[in-house]
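Enquirer: Below: one structure in structure tokens.
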Amino acid sequence: ELRAEAARAGVRRFVYLGVHVEAGYANCAYVQAHEMVRADLEAAGMEFSVVRPTGIYSAFADLVPMARWGVVPV
């Protein structure tokens, strides 16, 4: 597990890219998986931060090649 390896390597602070939690989808498996990681970091006693973006930016992955060409649909 990544957190355990980080602790063994002497990492003092862990920054995790989580997910923004809204009441409407707080019970979905995707959000719960992120929250389990946060709970594991908290239980481990390691200093940590969770960055919670408000969007799923991988949805824009198909637009990156177009942006490189200078053409992005609006």
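By order in the structure tokens, chains are A, B, ...; within a chain, residues start at 1; ligands start at 1, following the order shown.
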Tell me which protein, DNA and RNA residues are within 12 Å of Glu5 of chain A, counting only C-alpha atoms, leaving out same-chain ones fewer than 6 positions away, and put them as a PDB file with N, CA, C and O atoms, in the first residue's frame.

Expert:
ATOM      1  N   VAL A  11       8.615   9.580   4.549  1.00  0.00           N
ATOM      2  CA  VAL A  11       7.825  10.720   4.079  1.00  0.00           C
ATOM      3  C   VAL A  11       7.114  11.325   5.279  1.00  0.00           C
ATOM      4  O   VAL A  11       6.482  10.626   6.058  1.00  0.00           O
ATOM      5  N   ARG A  12       7.257  12.636   5.435  1.00  0.00           N
ATOM      6  CA  ARG A  12       6.662  13.296   6.596  1.00  0.00           C
ATOM      7  C   ARG A  12       5.262  13.827   6.328  1.00  0.00           C
ATOM      8  O   ARG A  12       4.467  13.992   7.246  1.00  0.00           O
ATOM      9  N   PHE A  14       1.898  13.712   3.433  1.00  0.00           N
ATOM     10  CA  PHE A  14       1.292  13.046   2.287  1.00  0.00           C
ATOM     11  C   PHE A  14       0.204  13.956   1.736  1.00  0.00           C
ATOM     12  O   PHE A  14      -0.629  14.454   2.489  1.00  0.00           O
TER      13      PHE A  14
END

Enquirer: Skip Glu1 of chain A itself and residues of its chain fewer than 2 positions away, then list as a PyMOL selection string all residues within 12 Å of it, counting only C-alpha atoms.

Expert: chain A and resi 3-8+37+40-41

Enquirer: Can I get the selection written as a PDB file, in the first residue's frame, with N, CA, C and O atoms?

Expert:
ATOM      1  N   ARG A   3       0.570   4.354   1.185  1.00  0.00           N
ATOM      2  CA  ARG A   3       0.781   5.085   2.432  1.00  0.00           C
ATOM      3  C   ARG A   3       1.802   4.402   3.309  1.00  0.00           C
ATOM      4  O   ARG A   3       2.683   5.034   3.881  1.00  0.00           O
ATOM      5  N   ALA A   4       1.744   3.084   3.405  1.00  0.00           N
ATOM      6  CA  ALA A   4       2.703   2.339   4.218  1.00  0.00           C
ATOM      7  C   ALA A   4       4.112   2.476   3.650  1.00  0.00           C
ATOM      8  O   ALA A   4       5.079   2.637   4.395  1.00  0.00           O
ATOM      9  N   GLU A   5       4.244   2.418   2.339  1.00  0.00           N
ATOM     10  CA  GLU A   5       5.561   2.594   1.709  1.00  0.00           C
ATOM     11  C   GLU A   5       6.096   3.999   1.958  1.00  0.00           C
ATOM     12  O   GLU A   5       7.290   4.174   2.188  1.00  0.00           O
ATOM     13  N   ALA A   6       5.224   4.993   1.896  1.00  0.00           N
ATOM     14  CA  ALA A   6       5.647   6.365   2.158  1.00  0.00           C
ATOM     15  C   ALA A   6       6.157   6.497   3.589  1.00  0.00           C
ATOM     16  O   ALA A   6       7.189   7.131   3.830  1.00  0.00           O
ATOM     17  N   ALA A   7       5.450   5.902   4.530  1.00  0.00           N
ATOM     18  CA  ALA A   7       5.883   5.951   5.929  1.00  0.00           C
ATOM     19  C   ALA A   7       7.229   5.256   6.103  1.00  0.00           C
ATOM     20  O   ALA A   7       8.119   5.771   6.791  1.00  0.00           O
ATOM     21  N   ARG A   8       7.420   4.104   5.477  1.00  0.00           N
ATOM     22  CA  ARG A   8       8.702   3.381   5.565  1.00  0.00           C
ATOM     23  C   ARG A   8       9.848   4.192   4.954  1.00  0.00           C
ATOM     24  O   ARG A   8      10.979   4.107   5.396  1.00  0.00           O
ATOM     25  N   VAL A  37      -9.401   6.140   1.648  1.00  0.00           N
ATOM     26  CA  VAL A  37      -7.987   6.531   1.649  1.00  0.00           C
ATOM     27  C   VAL A  37      -7.761   7.652   2.655  1.00  0.00           C
ATOM     28  O   VAL A  37      -6.816   7.621   3.439  1.00  0.00           O
ATOM     29  N   ASP A  40      -7.793   6.260   6.091  1.00  0.00           N
ATOM     30  CA  ASP A  40      -6.564   5.511   6.358  1.00  0.00           C
ATOM     31  C   ASP A  40      -5.423   6.466   6.718  1.00  0.00           C
ATOM     32  O   ASP A  40      -4.665   6.209   7.653  1.00  0.00           O
ATOM     33  N   LEU A  41      -5.318   7.571   5.994  1.00  0.00           N
ATOM     34  CA  LEU A  41      -4.277   8.560   6.307  1.00  0.00           C
ATOM     35  C   LEU A  41      -4.491   9.146   7.700  1.00  0.00           C
ATOM     36  O   LEU A  41      -3.548   9.302   8.467  1.00  0.00           O
TER      37      LEU A  41
END

Enquirer: Residues near Thr54 of chain A, anyone? I mean within 10 Å using only C-alpha atoms, not counting same-chain ones fewer than 4 positions away, as a CSV table (one decimal) with C-alpha atoms, in the first residue's frame.

Expert:
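And here is the file that came out, out.csv:
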chain,number,residue,atom,x,y,z
A,18,GLY,CA,-9.3,13.0,-3.6
A,19,VAL,CA,-12.7,14.0,-4.8
A,20,HIS,CA,-15.2,16.8,-3.8
A,21,VAL,CA,-18.0,15.3,-1.9
A,22,GLU,CA,-21.6,16.4,-2.5

Enquirer: Can you list, as a list in words, all residues belonging to chain A that DSSP tags as strand (DSSP E or B)?

Expert: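 So the strand (DSSP E or B) residues in chain A would be Arg13, Phe14, Val15, Tyr16, Leu17, Glu47, Phe48, Ser49, Val50 and Val51 of chain A.
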
Enquirer: Could you please determine the separation between atom CA of Leu17 of chain A and atom CA of Arg38 of chain A in Å, to one decimal place?

Expert: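 Atom CA of Arg38 of chain A lies 9.7 Å from atom CA of Leu17 of chain A.
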
Enquirer: Between A:Ala9, A:Asp62, A:Tyr16, A:Pro53, which one has atoms that come closest to His34 of chain A, using only C-alpha atoms?

Expert: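 Using only C-alpha atoms, His34 of chain A sits closest to A:Tyr16.
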
Enquirer: Record the distance separating atom CA of Met36 of chain A and atom CA of Ala23 of chain A, expressed in Å with one decimal.

Expert: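 So the two atoms, atom CA of Met36 of chain A and atom CA of Ala23 of chain A, lie 16.6 Å apart.
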
Enquirer: Could you pull the residues within 8 Å of Val72 of chain A, counting only C-alpha atoms, minus those fewer than 5 positions along the same chain, as a list in words?

Expert: Leu63, Met66 and Ala67 of chain A

Enquirer: What's the separation between atom CA of Val31 of chain A and atom CA of Leu2 of chain A, in Å to one decimal place?

Expert: 18.7 Å

Enquirer: Mind the document's chain letters and residue numbers, and return as a list in words the residues of chain A that DSSP labels alpha helix (DSSP H).

Expert: Leu2, Arg3, Ala4, Glu5, Ala6, Ala7, Arg8, Ala29, Tyr30, Val31, Gln32, Ala33, His34, Glu35, Met36, Val37, Arg38, Ala39, Asp40, Leu41, Glu42, Ala43, Ala44, Val64, Pro65, Met66, Ala67, Arg68 and Trp69 of chain A
